[in-house]
Amino acid sequence: MATGANKKPAEVRLDRQDPEKIKARLLAKYPPKVARKRAKQIVVNKVSADGEVPVISSNVRTVPGLMGQRGCCYAGCKGVVLGPTRDIINITHGPIGCGYYSWLTRRNQTDPDSSADGHNYIPYCFSTDMQDQEIIFGGEKKLKQAIQEAYDNFKPKAIAVFSTCPVGLIGDDVHAVCREMKAKLGINVFGFSCEGYKGVSQSAGHHIANNGIFKHVVGLDDTVKEGNYRINLLGEYNIGGDAFEIERLFERCGITLVSSYSGNASIDAFANSHTADLNLIMCHRSINYVAEMMETKFGVPWIKVNFIGAAATAKSLRKIAQYFDEQELTDIVEQVIAEEMPAVEAACADVRPRTEGKRAMLFVGGSRAHHYQELFAELGMKTLSAGYEFGHRDDYEGRKVLPDIKVDADSRNIEEMEITPDPERFKPRISEAKKAELEAKGLQFSAYDGMMTEMPDGTMVIDDLSQYETDQLIKMFKPDIFCAGIKEKYTVQKHGIPLKQLHSYDYGGPYAGFKGAINFYKEIDRMVSSRAWQYMRAPWQEHPELSATYAWE
Amino acid sequence: MLLRHTSTEMKERSALTVNPAKTCQPIGAMYAALGVHGCLPHSHGSQGCYAYHRSALTRHFKEPVVAATSAFTEGASVFGGQANLVQAIDNIFSVYNPDVIAVHTTCLSETIGDDVPQIFAKAKADGKVPDGKFLFHANTPSYVGSHVTGFASTTKAMVDYFAETNGHKTKTINLIPGYVEPSDMAEIRRIAETMGISTIMFPDTSKVLNGPLTGKYKMFPEGGVTVEELKQSGNSKGTIALGRTASLPAARALDAKCKVPCEILGLPLGLHGTDSFVDTLRRMAGVNVPDALNLERGQLVDSISDWHQYLYGKRVAIVGDPDQVLALTRFLVSLDMRPVHIVTGSPAGKKYVKSLQEAVAEVPEEVNIKVPGDMFLFHQWIKNDPVDLIIGNTYAKYIAKDEDIPLVRHGFPIYDRLGHSYFSTMGYRGALRLMEKLLDAILDRKDRDADDITMELVM
Ligand code: SF4
Ligand code: SF4
């Protein structure tokens, strides 16, 4: 468990240092209460023989004043999960800022021409821009009018409304307004109570978004899309075109993508996504709820995949083949992997002399800090320390800890939907016997083992990293690359250490799939070999002596 | 098409903002607070706001933007944020040790009605504020005003909290630069220094948000106005406030509090804007304008005459913050260009609209003005009546690309180009740079559109 009962001398070293000492140094400056809290969120990893890992405190409140990476519930709901869908008009109900900052900043690419109607509202920002009179007298009237104006100007097929902090406090009934406007306009209108103060991070917003899509959209259209091997891809947001690369591989393998959640997605695809035969989960944290609910209600099983890293991509494709268990698919998958890998291997071999042995740290999101360790491993790089911004214990320790997670006050206010099998449409996609057979062959259903089980002993796992800890880690380890987000980017780079943004990819990508792996190898090669870091000192700072002899002869 | 649903048909909208040309108060508050030396801005609300504001400022400046948050959860939202803020103050001084914490409220803490001065008193009573450290705050609810208001209120709070007077006036002149770039602040000060005038400028983000790469990260960089200077500002001979919407409240407050007389000018952008700044400085300080500045002015006038033919009559659409838009409009008109569609996102009042109307009075065609408006309306105007050039922030590039019209980036935010934090558009030099940008955009287009027969080598 968390700390060994009897103190043994630390044998595990991390980059020639004692990780327990590093942990103590990270905590030294904190006021005692803060130190106690953070001590449970900073864990030196140790994987036991039977795969047990230490407990890490996570999904808990951020300490005020400590300067962490997290955003809010609204950001998780509107920004992350619903934002990438192109054909819903997403109206932010609140003052102007919340909507403004989530306007085009997450780089969700989309291909509007892949839908017949060509709708695409991603480049737009819609807001009720609440003024003080609405804060005083309520904003429902303005919201109603705003929905009407969105309809009049754009004639969309769906409108979604996202509540920001003040809305919850003044008590606007967003859902009643949506119901009324839905009846009036005859299009789907639905709301999300995703006020920023809910939960402790973006994570609450993911959950609320999942609930809302499931309640208002999934199952509205029972048309079964033609095609073999019909799957949904969940938790892939098409940042920098990742989903396009994965779609390319599906197409090559003859796998039919019914819906993605929610990169390059359309609301029409959500509506009949329950007709798919398998759900694949990329980002477990943000989307596992939809998968769970779809399984309970419609009988669609889910498996965890990861398309970050070439080996992981191959493994994920093989898992799909294993599930459908047809020779034809297995053969195509093997053929595609065999055809794609040589280019990947060549690119990797090209950069490896410069990346081998280099050291990385990753602090980002709820899945990427885990997934990107794959790519670094392929480059021969070591991950010294990693952690999530808004992960839960199951993302760190694996879903087996789910029964042990206590529901605290901050999680209790996020609705857990009661889902029961649909009387007509529930249809288990595979029999229990078949499932058991596949499990015996190693295919795990509804399983995610978390990040820590795959990290070496002695690596430091840190949840909700603070700016102070970032600074200290950098000073103590001088890693060769640090991965985080835009807020951390330049505080780290001022130390002379490159930071790769793993939310926005620094406006590059795709990094998923085989082509993505190649892009990533080249990018990391560029970053760790950049000449820029050599220029920080001027010649006269290196050699300040004035009496140097002139050397121009 | 990027903005494929924007049609030429203009429908009345009273409730829905589409593609805003403003953002919220706290980001302006955060930006202003970063212009105080050793200051950590603090967002009193949920952590989402602070994360968004830090991200947006970071994207614009490509520099560390540090700030802290009270990290409200639902409990704090119901019971008030006192405990969170007191704890935050304690943690910030223990861990990060700034000289000053500048608290700004958010929509959430404002709606709850948190009383920040009372919380400060509690933090002090509890011994959470070490000796020699300072707190100040501004109320910045975003359901009023815009990012410019937040900047203005925080700048005013510097006066409210710190300015003092001992009754002895110094020769120093206070400069309140307005919501401009770090490079602009440096240039405004340079002009005054060239004239031999001692100044106190606040806020001052130069050397804070355009710092060097040295391999050493300093959370609190060299730049910024010090608290000592802010105290001294009450003894200055006079104040020049640049930009009514961003700088007037602070200048008026200083006059009321310490009897420092003030002049409220437009931004020193363009020939006339800079003339009026230099002339006011000269009179207020009682100095002569040095030859060096006359030379800069002369070079600008020279270039205007040299390049007039390419600027003359060009139709321009401008979107941005009020003070910037007014100054730009005046500059363009002085070049015989024609601003024809003008939108500010921020509200700015009737007086402002009147100034704008006066600025375009001589434009020989009808001019569309909307204060406040949004970029959707702006785009519709352009669609209905195309222009030769667009001036706006990075978001305007979606319009520029769809309509195939050259864009000159100006204002906030600029997420996608280098330059704004290093090269000023203020003063005579800045006007020259701005003209260079206008001409580059116009002439690049002319070259692109020229056929093989009419292509010109010399322009
Ligand atoms: S709640 Fe208010 S302060 Fe926070 S981001 Fe939204 S508009 Fe800005
Ligand atoms: S106001 Fe609330 S919803 Fe908006 S950004 Fe801030 S924390 Fe998020």
# chains A, B, ... in the order shown; residues from 1 in each chain; ligands from 1
>>> closest_atom_pairs(of="chain B", to="ligand 2", cutoff="12 Å", atoms="only C-alpha atoms and all ligand atoms", output="Markdown table")
| residue | atom | partner | partner_atom_place_in_ligand_line | distance |
| --- | --- | --- | --- | --- |
| B:Thr23 | CA | ligand 2 | 5 (S) | 11.7 |
| B:Cys24 | CA | ligand 2 | 1 (S) | 10.1 |
| B:Gln25 | CA | ligand 2 | 1 (S) | 11.6 |
| B:Pro26 | CA | ligand 2 | 6 (Fe) | 10.2 |
| B:Ile27 | CA | ligand 2 | 5 (S) | 11.3 |
| B:Ser43 | CA | ligand 2 | 6 (Fe) | 9.7 |
| B:His44 | CA | ligand 2 | 6 (Fe) | 10.1 |
| B:Gly45 | CA | ligand 2 | 7 (S) | 7.0 |
| B:Ser46 | CA | ligand 2 | 7 (S) | 4.4 |
| B:Gln47 | CA | ligand 2 | 7 (S) | 5.4 |
| B:Gly48 | CA | ligand 2 | 7 (S) | 3.6 |
| B:Cys49 | CA | ligand 2 | 6 (Fe) | 3.6 |
| B:Tyr50 | CA | ligand 2 | 6 (Fe) | 7.2 |
| B:Ala51 | CA | ligand 2 | 5 (S) | 7.7 |
| B:Tyr52 | CA | ligand 2 | 5 (S) | 6.5 |
| B:His53 | CA | ligand 2 | 5 (S) | 8.7 |
| B:Arg54 | CA | ligand 2 | 5 (S) | 11.4 |
| B:Ser55 | CA | ligand 2 | 5 (S) | 11.5 |
| B:Ala56 | CA | ligand 2 | 5 (S) | 12.0 |
| B:Thr69 | CA | ligand 2 | 7 (S) | 10.3 |
| B:Ser70 | CA | ligand 2 | 7 (S) | 10.7 |
| B:Ala71 | CA | ligand 2 | 7 (S) | 8.6 |
| B:Phe72 | CA | ligand 2 | 7 (S) | 8.3 |
| B:Thr73 | CA | ligand 2 | 7 (S) | 9.3 |
| B:Glu74 | CA | ligand 2 | 7 (S) | 10.8 |
| B:Ser77 | CA | ligand 2 | 2 (Fe) | 10.5 |
| B:Thr105 | CA | ligand 2 | 1 (S) | 10.7 |
| B:Thr106 | CA | ligand 2 | 1 (S) | 7.0 |
| B:Cys107 | CA | ligand 2 | 1 (S) | 6.2 |
| B:Leu108 | CA | ligand 2 | 1 (S) | 6.2 |
| B:Ser109 | CA | ligand 2 | 1 (S) | 9.4 |
| B:Glu110 | CA | ligand 2 | 1 (S) | 10.8 |
| B:Thr111 | CA | ligand 2 | 1 (S) | 10.7 |
| B:Pro141 | CA | ligand 2 | 1 (S) | 10.2 |
| B:Ser142 | CA | ligand 2 | 1 (S) | 9.3 |
| B:Tyr143 | CA | ligand 2 | 1 (S) | 10.9 |
>>> residues_around(residues="range 264-272 of chain B", least_positions_apart="4", cutoff="6 Å", atoms="only C-alpha atoms", output="number ranges by chain")
B: 241-243, 277, 327, 331, 426-427, 431
>>> residues_around(residues="Asn120 in chain A", least_positions_apart="6", cutoff="9 Å", atoms="only C-alpha atoms", output="number ranges by chain")
A: 85-89, 110-113; B: 2-5
>>> atom_distance(atom1="CA of Val86 in chain B", atom2="CA of Ala123 in chain B")
5.3 Å
>>> residues_around(residues="Asp126 in chain B", least_positions_apart="5", cutoff="12 Å", atoms="only C-alpha atoms", output="VMD selection string")
chain B and resid 83 86 to 87 89 to 90 119 to 121
>>> write_last_selection(atoms="N, CA and C atoms", output="mmCIF file, in the first residue's frame")
data_model
loop_
_atom_site.group_PDB
_atom_site.id
_atom_site.type_symbol
_atom_site.label_atom_id
_atom_site.label_comp_id
_atom_site.auth_asym_id
_atom_site.auth_seq_id
_atom_site.Cartn_x
_atom_site.Cartn_y
_atom_site.Cartn_z
ATOM 1 N N ALA B 83 -12.488 31.238 3.116
ATOM 2 C CA ALA B 83 -11.497 30.238 3.554
ATOM 3 C C ALA B 83 -10.505 29.960 2.431
ATOM 4 N N VAL B 86 -8.047 32.996 2.007
ATOM 5 C CA VAL B 86 -7.073 33.105 3.101
ATOM 6 C C VAL B 86 -6.022 32.006 2.970
ATOM 7 N N GLN B 87 -6.481 30.816 2.651
ATOM 8 C CA GLN B 87 -5.541 29.702 2.485
ATOM 9 C C GLN B 87 -4.608 29.963 1.297
ATOM 10 N N ILE B 89 -3.657 32.835 0.099
ATOM 11 C CA ILE B 89 -2.677 33.881 0.446
ATOM 12 C C ILE B 89 -1.539 33.272 1.263
ATOM 13 N N ASP B 90 -1.898 32.438 2.207
ATOM 14 C CA ASP B 90 -0.891 31.768 3.031
ATOM 15 C C ASP B 90 0.041 30.926 2.156
ATOM 16 N N ILE B 119 -11.890 39.997 3.486
ATOM 17 C CA ILE B 119 -11.072 38.769 3.521
ATOM 18 C C ILE B 119 -9.592 39.128 3.720
ATOM 19 N N PHE B 120 -9.164 40.227 3.098
ATOM 20 C CA PHE B 120 -7.792 40.692 3.321
ATOM 21 C C PHE B 120 -7.572 40.958 4.814
ATOM 22 N N ALA B 121 -8.535 41.624 5.424
ATOM 23 C CA ALA B 121 -8.401 41.960 6.848
ATOM 24 C C ALA B 121 -8.270 40.680 7.662
#
>>> residues_around(residues="range 447-456 of chain A", least_positions_apart="5", cutoff="9 Å", atoms="only C-alpha atoms", output="PDB file with N, CA, C and O atoms, in the first residue's frame")
ATOM      1  N   ASN A  45       6.658   4.890  -7.400  1.00  0.00           N
ATOM      2  CA  ASN A  45       5.978   3.700  -7.928  1.00  0.00           C
ATOM      3  C   ASN A  45       6.676   2.409  -7.524  1.00  0.00           C
ATOM      4  O   ASN A  45       7.896   2.354  -7.385  1.00  0.00           O
ATOM      5  N   LYS A  46       5.855   1.384  -7.312  1.00  0.00           N
ATOM      6  CA  LYS A  46       6.388   0.053  -7.037  1.00  0.00           C
ATOM      7  C   LYS A  46       5.323  -0.940  -7.463  1.00  0.00           C
ATOM      8  O   LYS A  46       4.208  -0.912  -6.964  1.00  0.00           O
ATOM      9  N   VAL A  47       5.669  -1.763  -8.432  1.00  0.00           N
ATOM     10  CA  VAL A  47       4.702  -2.744  -8.912  1.00  0.00           C
ATOM     11  C   VAL A  47       5.061  -4.094  -8.304  1.00  0.00           C
ATOM     12  O   VAL A  47       6.157  -4.607  -8.511  1.00  0.00           O
ATOM     13  N   SER A  48       4.139  -4.656  -7.547  1.00  0.00           N
ATOM     14  CA  SER A  48       4.435  -5.939  -6.892  1.00  0.00           C
ATOM     15  C   SER A  48       4.314  -7.069  -7.908  1.00  0.00           C
ATOM     16  O   SER A  48       3.808  -6.877  -9.019  1.00  0.00           O
ATOM     17  N   GLY A  51       1.117  -7.476  -9.528  1.00  0.00           N
ATOM     18  CA  GLY A  51       0.595  -6.324 -10.250  1.00  0.00           C
ATOM     19  C   GLY A  51      -0.047  -5.248  -9.374  1.00  0.00           C
ATOM     20  O   GLY A  51      -0.712  -4.350  -9.877  1.00  0.00           O
ATOM     21  N   GLU A  52       0.166  -5.307  -8.072  1.00  0.00           N
ATOM     22  CA  GLU A  52      -0.372  -4.266  -7.189  1.00  0.00           C
ATOM     23  C   GLU A  52       0.535  -3.035  -7.243  1.00  0.00           C
ATOM     24  O   GLU A  52       1.755  -3.157  -7.335  1.00  0.00           O
ATOM     25  N   VAL A  53      -0.103  -1.868  -7.159  1.00  0.00           N
ATOM     26  CA  VAL A  53       0.684  -0.637  -7.120  1.00  0.00           C
ATOM     27  C   VAL A  53       0.239   0.184  -5.910  1.00  0.00           C
ATOM     28  O   VAL A  53      -0.835  -0.064  -5.356  1.00  0.00           O
ATOM     29  N   PRO A  54       1.051   1.154  -5.494  1.00  0.00           N
ATOM     30  CA  PRO A  54       0.662   1.957  -4.335  1.00  0.00           C
ATOM     31  C   PRO A  54      -0.617   2.750  -4.608  1.00  0.00           C
ATOM     32  O   PRO A  54      -0.948   3.037  -5.758  1.00  0.00           O
ATOM     33  N   HIS A 284      -9.707   6.777 -21.433  1.00  0.00           N
ATOM     34  CA  HIS A 284     -10.590   6.146 -20.463  1.00  0.00           C
ATOM     35  C   HIS A 284     -11.262   7.180 -19.567  1.00  0.00           C
ATOM     36  O   HIS A 284     -12.441   7.105 -19.287  1.00  0.00           O
ATOM     37  N   TRP A 302     -17.091  -3.150 -24.348  1.00  0.00           N
ATOM     38  CA  TRP A 302     -15.984  -2.251 -24.673  1.00  0.00           C
ATOM     39  C   TRP A 302     -14.639  -2.844 -24.303  1.00  0.00           C
ATOM     40  O   TRP A 302     -14.534  -3.647 -23.381  1.00  0.00           O
ATOM     41  N   ILE A 303     -13.655  -2.434 -25.096  1.00  0.00           N
ATOM     42  CA  ILE A 303     -12.271  -2.780 -24.762  1.00  0.00           C
ATOM     43  C   ILE A 303     -11.427  -1.507 -24.802  1.00  0.00           C
ATOM     44  O   ILE A 303     -11.773  -0.537 -25.464  1.00  0.00           O
ATOM     45  N   LYS A 304     -10.349  -1.533 -24.054  1.00  0.00           N
ATOM     46  CA  LYS A 304      -9.441  -0.381 -24.024  1.00  0.00           C
ATOM     47  C   LYS A 304      -8.444  -0.531 -25.174  1.00  0.00           C
ATOM     48  O   LYS A 304      -7.904  -1.623 -25.396  1.00  0.00           O
ATOM     49  N   SER A 367      -5.179  10.681 -19.809  1.00  0.00           N
ATOM     50  CA  SER A 367      -4.717   9.460 -20.460  1.00  0.00           C
ATOM     51  C   SER A 367      -3.388   9.664 -21.182  1.00  0.00           C
ATOM     52  O   SER A 367      -2.598   8.745 -21.310  1.00  0.00           O
ATOM     53  N   ALA A 369      -0.650  11.200 -20.397  1.00  0.00           N
ATOM     54  CA  ALA A 369       0.577  10.991 -19.624  1.00  0.00           C
ATOM     55  C   ALA A 369       0.923   9.510 -19.619  1.00  0.00           C
ATOM     56  O   ALA A 369       2.081   9.129 -19.473  1.00  0.00           O
ATOM     57  N   HIS A 370      -0.060   8.671 -19.801  1.00  0.00           N
ATOM     58  CA  HIS A 370       0.182   7.238 -19.902  1.00  0.00           C
ATOM     59  C   HIS A 370       0.531   6.865 -21.351  1.00  0.00           C
ATOM     60  O   HIS A 370       1.584   6.319 -21.630  1.00  0.00           O
ATOM     61  N   HIS A 371      -0.360   7.227 -22.266  1.00  0.00           N
ATOM     62  CA  HIS A 371      -0.184   6.778 -23.643  1.00  0.00           C
ATOM     63  C   HIS A 371       1.143   7.216 -24.262  1.00  0.00           C
ATOM     64  O   HIS A 371       1.765   6.459 -24.995  1.00  0.00           O
ATOM     65  N   GLN A 373       3.943   7.600 -23.022  1.00  0.00           N
ATOM     66  CA  GLN A 373       5.129   6.862 -22.572  1.00  0.00           C
ATOM     67  C   GLN A 373       5.504   5.787 -23.600  1.00  0.00           C
ATOM     68  O   GLN A 373       6.668   5.424 -23.738  1.00  0.00           O
ATOM     69  N   THR A 383      10.913   7.448 -19.067  1.00  0.00           N
ATOM     70  CA  THR A 383      10.014   8.365 -18.369  1.00  0.00           C
ATOM     71  C   THR A 383      10.398   8.360 -16.896  1.00  0.00           C
ATOM     72  O   THR A 383      10.308   7.335 -16.234  1.00  0.00           O
ATOM     73  N   LEU A 384      10.837   9.506 -16.407  1.00  0.00           N
ATOM     74  CA  LEU A 384      11.255   9.577 -15.004  1.00  0.00           C
ATOM     75  C   LEU A 384      10.062   9.796 -14.092  1.00  0.00           C
ATOM     76  O   LEU A 384      10.009   9.300 -12.978  1.00  0.00           O
ATOM     77  N   ALA A 386       5.642  10.970 -14.101  1.00  0.00           N
ATOM     78  CA  ALA A 386       4.440  11.250 -14.882  1.00  0.00           C
ATOM     79  C   ALA A 386       3.264  11.416 -13.939  1.00  0.00           C
ATOM     80  O   ALA A 386       3.301  10.954 -12.792  1.00  0.00           O
ATOM     81  N   GLY A 387       2.242  12.069 -14.448  1.00  0.00           N
ATOM     82  CA  GLY A 387       1.044  12.221 -13.634  1.00  0.00           C
ATOM     83  C   GLY A 387      -0.054  12.849 -14.446  1.00  0.00           C
ATOM     84  O   GLY A 387       0.183  13.402 -15.528  1.00  0.00           O
ATOM     85  N   ARG A 393      -8.193   7.502  -9.498  1.00  0.00           N
ATOM     86  CA  ARG A 393      -7.354   6.369  -9.095  1.00  0.00           C
ATOM     87  C   ARG A 393      -7.371   5.259 -10.135  1.00  0.00           C
ATOM     88  O   ARG A 393      -6.356   4.597 -10.364  1.00  0.00           O
ATOM     89  N   ASP A 394      -8.523   5.008 -10.753  1.00  0.00           N
ATOM     90  CA  ASP A 394      -8.561   3.914 -11.734  1.00  0.00           C
ATOM     91  C   ASP A 394      -7.653   4.186 -12.935  1.00  0.00           C
ATOM     92  O   ASP A 394      -7.138   3.257 -13.548  1.00  0.00           O
ATOM     93  N   ASP A 395      -7.438   5.455 -13.253  1.00  0.00           N
ATOM     94  CA  ASP A 395      -6.540   5.758 -14.367  1.00  0.00           C
ATOM     95  C   ASP A 395      -5.079   5.515 -13.983  1.00  0.00           C
ATOM     96  O   ASP A 395      -4.239   5.265 -14.833  1.00  0.00           O
ATOM     97  N   TYR A 396      -4.803   5.626 -12.689  1.00  0.00           N
ATOM     98  CA  TYR A 396      -3.445   5.356 -12.213  1.00  0.00           C
ATOM     99  C   TYR A 396      -3.246   3.881 -11.891  1.00  0.00           C
ATOM    100  O   TYR A 396      -2.290   3.258 -12.304  1.00  0.00           O
ATOM    101  N   GLU A 397      -4.194   3.362 -11.102  1.00  0.00           N
ATOM    102  CA  GLU A 397      -3.964   2.040 -10.504  1.00  0.00           C
ATOM    103  C   GLU A 397      -4.713   0.924 -11.226  1.00  0.00           C
ATOM    104  O   GLU A 397      -4.515  -0.247 -10.919  1.00  0.00           O
ATOM    105  N   GLY A 398      -5.598   1.282 -12.117  1.00  0.00           N
ATOM    106  CA  GLY A 398      -6.376   0.267 -12.829  1.00  0.00           C
ATOM    107  C   GLY A 398      -7.792   0.184 -12.279  1.00  0.00           C
ATOM    108  O   GLY A 398      -8.056   0.524 -11.128  1.00  0.00           O
ATOM    109  N   ARG A 399      -8.699  -0.287 -13.126  1.00  0.00           N
ATOM    110  CA  ARG A 399     -10.108  -0.310 -12.743  1.00  0.00           C
ATOM    111  C   ARG A 399     -10.419  -1.263 -11.588  1.00  0.00           C
ATOM    112  O   ARG A 399     -11.489  -1.195 -11.000  1.00  0.00           O
ATOM    113  N   LYS A 400      -9.455  -2.130 -11.274  1.00  0.00           N
ATOM    114  CA  LYS A 400      -9.733  -3.048 -10.169  1.00  0.00           C
ATOM    115  C   LYS A 400      -9.933  -2.296  -8.844  1.00  0.00           C
ATOM    116  O   LYS A 400     -10.538  -2.834  -7.927  1.00  0.00           O
ATOM    117  N   VAL A 461       5.215   9.197  -9.532  1.00  0.00           N
ATOM    118  CA  VAL A 461       3.890   9.448 -10.075  1.00  0.00           C
ATOM    119  C   VAL A 461       3.280  10.577  -9.248  1.00  0.00           C
ATOM    120  O   VAL A 461       3.177  10.473  -8.026  1.00  0.00           O
TER     121      VAL A 461
END
>>> residues_around(residues="Lys22 in chain B", least_positions_apart="3", cutoff="9 Å", atoms="only C-alpha atoms", output="PyMOL selection string")
(chain A and resi 96-97+100) or (chain B and resi 146-148+320-321+344-346+372+374+412)
>>> write_last_selection(atoms="C-alpha atoms", output="short mmCIF file (atom, residue, chain, number, x, y, z; two decimals), in the first residue's frame")
data_model
loop_
_atom_site.label_atom_id
_atom_site.label_comp_id
_atom_site.auth_asym_id
_atom_site.auth_seq_id
_atom_site.Cartn_x
_atom_site.Cartn_y
_atom_site.Cartn_z
CA ILE A 96 -18.42 36.20 -22.40
CA GLY A 97 -15.09 34.83 -21.24
CA TYR A 100 -14.35 33.02 -25.75
CA SER B 146 -14.85 43.60 -20.95
CA HIS B 147 -11.18 42.72 -20.64
CA VAL B 148 -10.43 46.41 -21.08
CA GLY B 320 -10.65 45.60 -31.85
CA ASP B 321 -10.58 47.32 -28.47
CA THR B 344 -15.36 47.30 -31.04
CA GLY B 345 -16.31 44.30 -28.96
CA SER B 346 -16.13 46.23 -25.72
CA PRO B 372 -20.24 47.11 -29.01
CA ASP B 374 -19.23 41.17 -32.63
CA PHE B 412 -5.43 41.29 -28.57
#
>>> residues_around(residues="range 195-209 of chain B", least_positions_apart="6", cutoff="7 Å", atoms="only C-alpha atoms", output="list in words")
Ala32, Leu34, Gly35, Val36, Phe61, Glu63, Thr155, Thr172, Ile173, Asn174, Leu175, Ile176, Pro182, Ser183, Met185, Ala186, Pro221, Glu222, Gly223, Gly224, Val225, Glu229, Ser233, Ala285, Val289 and Pro290 of chain B
>>> closest_residue(among="A:Gln41, A:Thr128, A:Ser262, A:Asn232", to="ligand 1", atoms="only C-alpha atoms and all ligand atoms")
A:Thr128
>>> select_by_dssp(residues="range 1-107 of chain B", states="strand (DSSP E)", output="list in words")
Thr17, Val18, Cys39, Leu40, Pro41, His42, Ser43, His44, Ala68, Thr69, Val100, Ile101, Ala102, Val103, His104 and Thr105 of chain B
>>> closest_atom_pairs(of="chain A", to="ligand 1", cutoff="8 Å", atoms="only C-alpha atoms and all ligand atoms", output="tab-separated table")
residue	atom	partner	partner_atom_place_in_ligand_line	distance
A:Gly94	CA	ligand 1	7 (S)	6.9
A:Pro95	CA	ligand 1	7 (S)	4.4
A:Ile96	CA	ligand 1	7 (S)	4.8
A:Gly97	CA	ligand 1	7 (S)	3.4
A:Cys98	CA	ligand 1	6 (Fe)	3.7
A:Gly99	CA	ligand 1	6 (Fe)	7.2
A:Tyr101	CA	ligand 1	5 (S)	7.4
A:Thr164	CA	ligand 1	1 (S)	6.4
A:Cys165	CA	ligand 1	1 (S)	6.0
A:Pro166	CA	ligand 1	1 (S)	7.0
A:Gly196	CA	ligand 1	1 (S)	8.0
